[in-house]
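Report on the following structure.
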Amino acid sequence: MSVRNLILLLGDQLDPAISSLAGADPVSDHILLIEADEEGRYVPHHPQKIVFILSAMRHFAENLRSRGFSVVYIRLDDPANTGSLDGELARARARLAPERILLTEPGEWRLLERFRQRQDDWPELELCPDTRFFCSSERFARWAEGRKQLRMEYFYREMRRESGLLMTAEGQPEGGSWNYDEDNRKPLPTGHAVPDQPHFPADAITQAVCALVATRFTDHYGALDGFDYPVTHAEAEQLWQCFRRQALAQFGDFQDAMAVDQRWLFHARIAAALNIGLLDPRRVCLDVQADWQAGVIPLNAAEGFIRQILGWREYVRGIYWLMMPDYAERNTFGNQRALPEFYWTGQTRMRCMQQAIGQTLEHAYAHHIQRLMVTGNFALLAGIEPKQICDWYLAVYMDAFDWVELPNTLGMVMHADGGFLGSKPYCASGQYIKRMSNYCSGCSYKVSEQTGARACPFNALYWHFIMRHRDQLSSNPRMGLVYRNLQRMPEAKQQALWDWGEHLLVRLDAGEAL
């Protein structure tokens with residue numbers, strides 16, 4: 001029997017409602033899923049991230065087969081596997097001779113361009129729009145046209161109006177405010193109980209994938225033991241419902257908090273499931289709105305959570321497709337410093353970095369403040385080359401895909417786009433970390449000291465950053481207070497901070513772990 005459509009599903013397209021599957025016929029269509037070695041190696045992806053994607057792919061293939069579809073599944077260890085997506089698609093095309101090849105647009109520029117080039121040779125290859133988002137890239141481009149600044153807050157308000165989420169019948173935001181950030185910056189009180197997390201024991205499919213990854217990616221950083229993530233739609237739903245019951249009500253209050261040996265706190269941990277299609281972002285937002293309407297959660301929790309998805313997630317995707325490919329090369333501060341080795345090992349005396357990097361290596365996870373204000377803040381202050389820190393984030397986090405990781409890291413963390421995404425650099429001394437965590441207690445360094453062998457490295461590096469980029473940043477209205485404080489600082493203290501910052505940077509250049 002001839003094949004009408006050969007439908008290629010990528011590892012982050014495991015959604016039964018994805019556009020390429022619309023109207024799929026179990027009788028005349030074939031579905032192709034490919035485990036490609038190069039997709040695990042273009043950066044050294046965390047072993048648990050590779051397991052997560054491959055196991056979810058294999059489970060989704062079984063789900064499709066149970067619904068009567070003919071599935072062509074290419075495993076990583078298949079002897080004939082060429083190791084690349086387009087190489088395996090070429091083999092399937094030659095074997096099956098389909099009338100059409102359907103593929104939902106990939107979420108990474110490098111893959112989209114690769115398949116667009118293939119269309120020159122394969123006229124039957126059709127790229128379908130990715131409809132899983134609230135805002136298409138075309139819609140975002142229309143919003144951006146003619147604007148001098150593309151601030152997330154204004155985009156978010158427009159998305160609220162279009163979606164109706166947390167809006168009154170009169171078209172006003174519920175509660176009278178568009179966001180409740182001021183209510184969402186509380187540190188975790190000592191002894192405050194945190195919710196338990198559901199567990200997802202590895203079944204036979206996941207166990208087989210773990211064994212395969214353990215032998216194929218031995219040179220990648222990150223632990224493989226203890227893999228405990230949802231790999232099916234049902235498991236992702238279980239994780240989501242557990243969060244709704246146990247953590248959502250306090251998510252707003254403590255979303256920026258950090259605490260020693262507390263990995264999850266009140267976070268949902270659903271970003272990876274959303275990003276590969278195991279959960280639907282629209283339905284998740286509607287669930288949160290329903291919980292608020294039922295009086296189960298406060299408004300600051302509902303709005304704070306919805307803003308992460310409807311606002312920030314959609315916004316960074318829009319920025320990515322609007323600005324690529326040149327965006328990836330931006331480096332407004334001209335940073336050239338190599339990423340310190342301790343980012344890959346966690347071997348540092350800075351307790352905040354130990355905690356954030358340690359749990360990253362152990363679980364392929366850290367929440368947004370750990371990424372932005374600990375590991376990211378240090379990279380910004382130390383002048384790390386943007387591409388190196390971007391590749392690190394892309395490699396080590398379960399939920400990191402280029403469309404979401406690159407704008408977050410290049411733009412928000414490193415301010416390497418010159419303020420296109422964020423109106424000011426997100427930089428801070430050790431005092432911010434002390435305020436939002438208990439990391440400083442028991443640290444080898446003293447957050448109260450700014451220079452000298454016992455001083456928290458964040459302190460001198462912060463002022464060194466402020467001083468070395470004075471010409472670029474002093475005219476920024478949001479940095480005015482910082483530079484006024486610097487101006488009031490005695491010259492001798494400024495010099496001492498500069499000198500100690502230089503000392504720390506020399507040590508980094510020598511390969512020392514601070």
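By convention in this document, the chains of the structure tokens carry letters A, B, ... by their order, each chain's residues are numbered from 1, and ligands are numbered from 1 in the order they are shown.
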
Enumerate, in order of chain and increasing residue number, the residues of segment 62-153 of chain A with an atom no farther than 10 Å from segment 213-232 of chain A, each with its shortest atom pair and distance in Å to one decimal, counting only C-alpha atoms, as a tab-separated table.
```
residue	atom	partner	partner_atom	distance
A:Asn63	CA	A:Thr232	CA	9.3
A:Leu76	CA	A:Arg216	CA	9.1
A:Asp77	CA	A:Arg216	CA	9.0
```

Write the residues of the preceding selection, restricted to N, CA and C atoms, as an mmCIF file, in the first residue's frame.
```cif
data_model
loop_
_atom_site.group_PDB
_atom_site.id
_atom_site.type_symbol
_atom_site.label_atom_id
_atom_site.label_comp_id
_atom_site.auth_asym_id
_atom_site.auth_seq_id
_atom_site.Cartn_x
_atom_site.Cartn_y
_atom_site.Cartn_z
ATOM 1 N N ASN A 63 1.909 4.781 22.392
ATOM 2 C CA ASN A 63 0.562 5.350 22.432
ATOM 3 C C ASN A 63 -0.028 5.464 21.036
ATOM 4 N N LEU A 76 18.321 4.727 18.783
ATOM 5 C CA LEU A 76 19.683 5.237 18.809
ATOM 6 C C LEU A 76 20.706 4.166 18.432
ATOM 7 N N ASP A 77 20.454 2.949 18.881
ATOM 8 C CA ASP A 77 21.421 1.874 18.647
ATOM 9 C C ASP A 77 21.077 0.991 17.454
#
```

Within 6 Å of segment 129-143 of chain A, counting only C-alpha atoms, which residues qualify if same-chain residues fewer than 2 places away don't, as a PDB file with N, CA, C and O atoms, in the first residue's frame?
```
ATOM      1  N   THR A 104       5.923  19.525  11.643  1.00  0.00           N
ATOM      2  CA  THR A 104       5.667  20.789  12.336  1.00  0.00           C
ATOM      3  C   THR A 104       6.987  21.538  12.488  1.00  0.00           C
ATOM      4  O   THR A 104       8.020  20.938  12.783  1.00  0.00           O
ATOM      5  N   GLU A 105       6.962  22.837  12.268  1.00  0.00           N
ATOM      6  CA  GLU A 105       8.186  23.628  12.297  1.00  0.00           C
ATOM      7  C   GLU A 105       8.980  23.350  13.568  1.00  0.00           C
ATOM      8  O   GLU A 105       8.444  23.420  14.678  1.00  0.00           O
ATOM      9  N   GLU A 145       6.307  45.369  15.452  1.00  0.00           N
ATOM     10  CA  GLU A 145       6.580  46.313  14.371  1.00  0.00           C
ATOM     11  C   GLU A 145       6.368  47.758  14.827  1.00  0.00           C
ATOM     12  O   GLU A 145       5.327  48.121  15.381  1.00  0.00           O
ATOM     13  N   GLY A 318       8.798  34.666  21.031  1.00  0.00           N
ATOM     14  CA  GLY A 318       8.628  35.698  20.016  1.00  0.00           C
ATOM     15  C   GLY A 318       9.926  36.412  19.708  1.00  0.00           C
ATOM     16  O   GLY A 318      10.256  36.660  18.538  1.00  0.00           O
TER      17      GLY A 318
END
```

If you run DSSP on the backbone, which residues of segment 74-303 of chain A are strand (DSSP E or B), as a compact mmCIF listing (two decimals) with all heavy atoms, in the first residue's frame?
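Output (part.txt):
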```
# COMPACT_ATOMS: atom_id res chain seq x y z
N ILE A 74 13.07 4.83 14.81
CA ILE A 74 14.50 4.58 14.64
C ILE A 74 15.19 4.77 15.98
O ILE A 74 15.25 5.89 16.51
CB ILE A 74 15.12 5.53 13.59
CG1 ILE A 74 14.31 5.50 12.29
CG2 ILE A 74 16.58 5.18 13.36
CD1 ILE A 74 14.24 4.15 11.64
N ARG A 100 3.63 12.94 0.50
CA ARG A 100 4.01 14.16 1.22
C ARG A 100 4.79 13.77 2.48
O ARG A 100 4.58 12.69 3.05
CB ARG A 100 2.78 14.96 1.66
CG ARG A 100 1.96 15.55 0.54
CD ARG A 100 0.99 16.60 1.08
NE ARG A 100 0.14 16.08 2.15
CZ ARG A 100 -0.67 16.83 2.92
NH1 ARG A 100 -0.71 18.14 2.74
NH2 ARG A 100 -1.42 16.26 3.84
N ILE A 101 5.69 14.65 2.88
CA ILE A 101 6.37 14.55 4.17
C ILE A 101 5.93 15.76 5.00
O ILE A 101 6.11 16.90 4.57
CB ILE A 101 7.90 14.54 4.02
CG1 ILE A 101 8.35 13.36 3.15
CG2 ILE A 101 8.57 14.49 5.40
CD1 ILE A 101 9.83 13.41 2.80
N LEU A 102 5.35 15.51 6.15
CA LEU A 102 4.85 16.59 6.99
C LEU A 102 5.70 16.71 8.25
O LEU A 102 6.05 15.72 8.88
CB LEU A 102 3.39 16.32 7.39
CG LEU A 102 2.38 16.17 6.24
CD1 LEU A 102 0.98 15.93 6.80
CD2 LEU A 102 2.39 17.40 5.34
N LEU A 103 6.01 17.94 8.60
CA LEU A 103 6.80 18.22 9.80
C LEU A 103 6.34 19.54 10.39
O LEU A 103 6.32 20.56 9.69
CB LEU A 103 8.29 18.30 9.45
CG LEU A 103 9.24 18.86 10.53
CD1 LEU A 103 9.25 17.96 11.77
CD2 LEU A 103 10.65 19.02 9.97
N THR A 104 5.92 19.52 11.64
CA THR A 104 5.67 20.79 12.34
C THR A 104 6.99 21.54 12.49
O THR A 104 8.02 20.94 12.78
CB THR A 104 5.03 20.53 13.72
OG1 THR A 104 3.74 19.94 13.53
CG2 THR A 104 4.88 21.82 14.51
N LEU A 125 8.18 17.88 0.92
CA LEU A 125 8.32 18.22 2.33
C LEU A 125 7.56 19.50 2.65
O LEU A 125 7.82 20.55 2.06
CB LEU A 125 9.80 18.38 2.70
CG LEU A 125 10.11 18.87 4.11
CD1 LEU A 125 9.53 17.93 5.18
CD2 LEU A 125 11.63 19.03 4.32
N GLU A 126 6.61 19.41 3.58
CA GLU A 126 5.81 20.56 3.98
C GLU A 126 6.03 20.84 5.47
O GLU A 126 5.96 19.92 6.29
CB GLU A 126 4.32 20.30 3.73
CG GLU A 126 3.98 20.08 2.27
CD GLU A 126 2.49 19.84 2.05
OE1 GLU A 126 1.70 20.22 2.95
OE2 GLU A 126 2.13 19.28 1.01
N LEU A 127 6.28 22.09 5.79
CA LEU A 127 6.43 22.52 7.17
C LEU A 127 5.13 23.13 7.66
O LEU A 127 4.61 24.08 7.06
CB LEU A 127 7.57 23.54 7.28
CG LEU A 127 8.97 23.01 6.95
CD1 LEU A 127 9.98 24.15 6.94
CD2 LEU A 127 9.39 21.94 7.95
N CYS A 128 4.61 22.59 8.74
CA CYS A 128 3.34 23.04 9.31
C CYS A 128 3.63 24.00 10.47
O CYS A 128 4.58 23.80 11.22
CB CYS A 128 2.52 21.86 9.84
SG CYS A 128 2.32 20.50 8.67
N MET A 167 -9.20 38.38 33.41
CA MET A 167 -9.75 39.66 32.98
C MET A 167 -11.22 39.75 33.39
O MET A 167 -11.95 38.75 33.39
CB MET A 167 -9.64 39.82 31.46
CG MET A 167 -8.22 39.80 30.94
SD MET A 167 -7.24 41.22 31.47
CE MET A 167 -8.04 42.54 30.55
N PRO A 173 -7.93 44.07 34.26
CA PRO A 173 -7.31 42.95 34.97
C PRO A 173 -7.99 42.68 36.30
O PRO A 173 -8.35 43.63 37.02
CB PRO A 173 -5.86 43.42 35.16
CG PRO A 173 -5.93 44.91 35.15
CD PRO A 173 -7.03 45.25 34.17
```

Per residue of segment 358-411 of chain A within 10 Å of segment 462-485 of chain A, what are the shortest atom pair and its distance in Å to one decimal, counting only C-alpha atoms, with rows by chain and residue number, as JSON lines?
```
{"residue": "A:Asn377", "atom": "CA", "partner": "A:Tyr462", "partner_atom": "CA", "distance": 9.0}
{"residue": "A:Phe378", "atom": "CA", "partner": "A:Tyr462", "partner_atom": "CA", "distance": 8.7}
{"residue": "A:Leu380", "atom": "CA", "partner": "A:Phe465", "partner_atom": "CA", "distance": 8.2}
{"residue": "A:Leu381", "atom": "CA", "partner": "A:Phe465", "partner_atom": "CA", "distance": 5.5}
{"residue": "A:Ala382", "atom": "CA", "partner": "A:Phe465", "partner_atom": "CA", "distance": 7.7}
{"residue": "A:Gly383", "atom": "CA", "partner": "A:Phe465", "partner_atom": "CA", "distance": 8.1}
```

Mind writing the picked residues with N, CA and C atoms as a compact mmCIF listing (two decimals), in the first residue's frame?
```
# COMPACT_ATOMS: atom_id res chain seq x y z
N ASN A 377 24.04 35.30 37.44
CA ASN A 377 24.61 36.52 38.00
C ASN A 377 26.14 36.43 38.05
N PHE A 378 26.64 35.29 38.49
CA PHE A 378 28.09 35.13 38.56
C PHE A 378 28.70 35.21 37.16
N LEU A 380 27.59 36.79 34.57
CA LEU A 380 27.52 38.18 34.13
C LEU A 380 28.62 39.01 34.78
N LEU A 381 28.74 38.90 36.10
CA LEU A 381 29.73 39.69 36.81
C LEU A 381 31.16 39.32 36.40
N ALA A 382 31.37 38.04 36.12
CA ALA A 382 32.72 37.58 35.76
C ALA A 382 33.07 37.81 34.30
N GLY A 383 32.11 38.24 33.48
CA GLY A 383 32.40 38.52 32.09
C GLY A 383 32.60 37.28 31.24
```

Find the residues near Asp181 of chain A: any atom within 10 Å, counting only C-alpha atoms, skip ones fewer than 5 places away on the same chain, and give them as a PyMOL selection string. chain A and resi 252-253+300-301+303-304

Print the selection's residues with N, CA, C and O atoms to a file, as a JSON list (two decimals), in the first residue's frame.
```json
[["chain", "number", "residue", "atom", "x", "y", "z"],
["A", 252, "GLY", "N", 3.16, 31.94, 44.39],
["A", 252, "GLY", "CA", 3.41, 33.37, 44.25],
["A", 252, "GLY", "C", 4.32, 33.90, 45.33],
["A", 252, "GLY", "O", 5.33, 34.55, 45.06],
["A", 253, "ASP", "N", 3.99, 33.60, 46.58],
["A", 253, "ASP", "CA", 4.77, 34.12, 47.70],
["A", 253, "ASP", "C", 6.24, 33.75, 47.60],
["A", 253, "ASP", "O", 7.12, 34.58, 47.84],
["A", 300, "ASN", "N", -2.35, 36.61, 43.70],
["A", 300, "ASN", "CA", -0.93, 36.78, 43.38],
["A", 300, "ASN", "C", -0.30, 35.48, 42.90],
["A", 300, "ASN", "O", 0.60, 35.48, 42.06],
["A", 301, "ALA", "N", -0.79, 34.33, 43.39],
["A", 301, "ALA", "CA", -0.28, 33.04, 42.92],
["A", 301, "ALA", "C", -0.77, 32.76, 41.51],
["A", 301, "ALA", "O", 0.00, 32.32, 40.64],
["A", 303, "GLU", "N", -1.88, 34.93, 39.17],
["A", 303, "GLU", "CA", -1.30, 35.85, 38.19],
["A", 303, "GLU", "C", 0.18, 35.58, 37.98],
["A", 303, "GLU", "O", 0.66, 35.58, 36.85],
["A", 304, "GLY", "N", 0.91, 35.32, 39.08],
["A", 304, "GLY", "CA", 2.34, 35.05, 38.95],
["A", 304, "GLY", "C", 2.61, 33.83, 38.10],
["A", 304, "GLY", "O", 3.55, 33.82, 37.29]]
```

Between A:Ala144, A:Ala400, A:Ala513, A:Leu279, which has the minimum distance to Leu339 of chain A (counting only C-alpha atoms)? A:Ala513

Would you pick out the contacts of Gly164 of chain A at 12 Å or less, using only C-alpha atoms, so that residues sharing its chain but fewer than 4 positions from it are not included, and give the list as a PyMOL selection string? chain A and resi 134+156-160+168-174+282+285-286+289+306+310

6 Å contact set for Cys456 of chain A, only C-alpha atoms, chain neighbours under 4 positions out, as a list in words: Tyr445, Lys446 and Val447 of chain A

Please produce a file of those selected residues containing all heavy atoms, as a short mmCIF file (atom, residue, chain, number, x, y, z; two decimals), in the first residue's frame.
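What landed in part.cif:
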```
data_model
loop_
_atom_site.label_atom_id
_atom_site.label_comp_id
_atom_site.auth_asym_id
_atom_site.auth_seq_id
_atom_site.Cartn_x
_atom_site.Cartn_y
_atom_site.Cartn_z
N TYR A 445 32.67 31.77 52.69
CA TYR A 445 32.88 33.19 52.56
C TYR A 445 31.91 33.96 53.46
O TYR A 445 30.87 33.45 53.86
CB TYR A 445 32.69 33.64 51.11
CG TYR A 445 33.70 33.05 50.15
CD1 TYR A 445 33.34 32.02 49.28
CD2 TYR A 445 35.00 33.54 50.09
CE1 TYR A 445 34.25 31.49 48.38
CE2 TYR A 445 35.92 33.01 49.21
CZ TYR A 445 35.55 31.99 48.35
OH TYR A 445 36.46 31.47 47.47
N LYS A 446 32.22 35.23 53.69
CA LYS A 446 31.40 36.10 54.51
C LYS A 446 30.72 37.14 53.62
O LYS A 446 31.39 37.98 53.00
CB LYS A 446 32.24 36.82 55.57
CG LYS A 446 32.98 35.87 56.52
CD LYS A 446 32.01 35.06 57.36
CE LYS A 446 32.75 34.15 58.34
NZ LYS A 446 31.82 33.28 59.09
N VAL A 447 29.40 37.08 53.57
CA VAL A 447 28.68 38.01 52.72
C VAL A 447 28.78 39.44 53.24
O VAL A 447 28.59 40.41 52.49
CB VAL A 447 27.21 37.57 52.57
CG1 VAL A 447 26.44 37.78 53.88
CG2 VAL A 447 26.52 38.29 51.42
#
```

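The residue set within 8 Å of Met436 of chain A, counting only C-alpha atoms and dropping same-chain residues fewer than 6 places from it, reads Arg185, Lys186, Pro187, Leu188, Asp256, Ala257 and Met258 of chain A.
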
To one decimal place, how far is atom CA of Ala92 of chain A from atom CA of Ala272 of chain A in Å?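 Interatomic distance here is 28.7 Å.
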
From the set A:Ala56, A:Ala259, A:Val396, A:Ala328, which residue has the shortest atom-to-atom contact distance to Gln370 of chain A, counting only C-alpha atoms?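 Looking at the shortest contact to Gln370 of chain A, the residue is A:Ala259.
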
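Around Phe266 of chain A, within 9 Å and counting only C-alpha atoms, the residues found are A:Val194, A:Pro195, A:Phe243, A:Gln246, A:Ala247, A:Leu248, A:Ala249, A:Gln250, A:Phe251, A:Gly252, A:Phe254, A:Gln255, once anything fewer than 6 positions away on its own chain is removed.
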
Residue with smallest distance to Asn331 of chain A - pool A:Tyr343, A:Gly419, A:Arg244, A:Arg263, counting only C-alpha atoms: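 When distances to Asn331 of chain A are compared using only C-alpha atoms, the smallest one comes from A:Gly419.
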
Where does DSSP see alpha helix (DSSP H) in segment 218-374 of chain A, if you list the residues as a short mmCIF file (atom, residue, chain, number, x, y, z; two decimals) with C-alpha atoms, in the first residue's frame?
```cif
data_model
loop_
_atom_site.label_atom_id
_atom_site.label_comp_id
_atom_site.auth_asym_id
_atom_site.auth_seq_id
_atom_site.Cartn_x
_atom_site.Cartn_y
_atom_site.Cartn_z
CA HIS A 233 1.04 12.45 29.32
CA ALA A 234 -0.58 10.68 32.26
CA GLU A 235 2.48 11.11 34.46
CA ALA A 236 2.83 14.77 33.49
CA GLU A 237 -0.81 15.23 34.42
CA GLN A 238 -0.15 13.62 37.79
CA LEU A 239 2.72 16.04 38.42
CA TRP A 240 0.54 18.99 37.43
CA GLN A 241 -2.40 18.00 39.63
CA CYS A 242 -0.08 17.42 42.58
CA PHE A 243 1.29 20.93 42.16
CA ARG A 244 -2.21 22.39 42.00
CA ARG A 245 -3.23 20.66 45.22
CA GLN A 246 -0.10 21.14 47.27
CA LEU A 248 0.18 26.47 43.74
CA ALA A 249 -1.40 28.47 46.56
CA GLN A 250 2.05 29.48 47.84
CA PHE A 251 3.82 29.61 44.49
CA GLY A 252 3.41 33.37 44.25
CA ASP A 253 4.77 34.12 47.70
CA PHE A 254 7.88 31.97 47.41
CA ALA A 271 8.42 23.34 32.00
CA ALA A 272 10.05 20.29 30.43
CA ALA A 273 6.68 18.56 30.01
CA LEU A 274 5.21 21.70 28.44
CA ASN A 275 8.15 22.10 26.10
CA ILE A 276 7.93 18.60 24.60
CA PRO A 281 -0.10 25.45 28.16
CA ARG A 282 -3.59 26.76 27.43
CA ARG A 283 -5.25 24.18 29.63
CA VAL A 284 -2.70 24.71 32.40
CA CYS A 285 -3.49 28.44 32.47
CA LEU A 286 -7.23 27.75 32.48
CA ASP A 287 -6.75 25.38 35.42
CA VAL A 288 -4.99 28.10 37.38
CA GLN A 289 -7.67 30.63 36.58
CA ALA A 290 -10.34 28.14 37.68
CA ASP A 291 -8.54 27.54 40.98
CA TRP A 292 -8.49 31.28 41.65
CA GLN A 293 -12.15 31.68 40.70
CA LEU A 299 -4.67 36.15 43.04
CA ASN A 300 -0.93 36.78 43.38
CA ALA A 301 -0.28 33.04 42.92
CA ALA A 302 -2.62 32.76 39.93
CA GLU A 303 -1.30 35.85 38.19
CA GLY A 304 2.34 35.05 38.95
CA PHE A 305 2.00 31.58 37.48
CA ILE A 306 0.02 32.61 34.40
CA GLU A 314 5.46 33.39 24.85
CA TYR A 315 7.54 36.56 24.89
CA VAL A 316 10.96 34.89 24.75
CA ARG A 317 9.77 32.63 21.93
CA GLY A 318 8.63 35.70 20.02
CA ILE A 319 11.99 37.39 20.56
CA TYR A 320 13.81 34.26 19.40
CA TRP A 321 12.03 33.96 16.06
CA LEU A 322 12.01 37.72 15.49
CA MET A 323 15.77 38.15 16.01
CA PHE A 342 33.34 24.43 38.44
CA TYR A 343 30.16 25.02 36.42
CA TRP A 344 30.58 21.43 35.24
CA THR A 345 31.65 19.96 38.59
CA ARG A 351 27.71 27.76 48.92
CA CYS A 352 25.06 29.33 46.69
CA MET A 353 26.89 28.09 43.60
CA GLN A 354 27.42 24.68 45.21
CA GLN A 355 23.69 24.38 45.79
CA ALA A 356 22.53 25.61 42.39
CA ILE A 357 25.15 23.72 40.36
CA GLY A 358 24.99 20.64 42.57
CA GLN A 359 21.27 20.13 42.12
CA THR A 360 21.64 20.94 38.42
CA LEU A 361 24.16 18.13 37.98
CA GLU A 362 22.10 15.76 40.12
CA HIS A 363 18.62 16.51 38.73
CA HIS A 368 14.49 30.57 37.62
CA ILE A 369 16.06 32.59 40.45
CA GLN A 370 18.85 30.07 40.95
#
```

Quick one: of A:Tyr432, A:Gly422, A:Ser441, A:Leu54, who's nearest to Val374 of chain A, counting only C-alpha atoms? A:Tyr432

Separation of atom CA of Asp399 of chain A from atom CA of Arg114 of chain A in Å: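 One can read the atom CA of Arg114 of chain A to atom CA of Asp399 of chain A distance as 22.7 Å.
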
Rounded to one decimal place, report the atom CA of Asn438 of chain A-atom CA of Val260 of chain A distance in Å. 6.4 Å

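Counting only C-alpha atoms, the residue from A:His267, A:Arg151, A:Lys387, A:Arg454 that sits nearest to Met350 of chain A is A:Arg454.
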
Give one line per residue of segment 424-484 of chain A that approaches segment 493-503 of chain A to at most 6 Å, naming the two atoms of the closest pair and their distance in Å to one decimal, counting only C-alpha atoms; sort by chain then ascending residue number and deliver it as CSV.
```
residue,atom,partner,partner_atom,distance
A:Thr451,CA,A:Trp500,CA,6.0
A:Ala460,CA,A:Gly501,CA,5.0
A:Leu461,CA,A:Gly501,CA,5.0
A:His464,CA,A:Trp498,CA,5.3
```
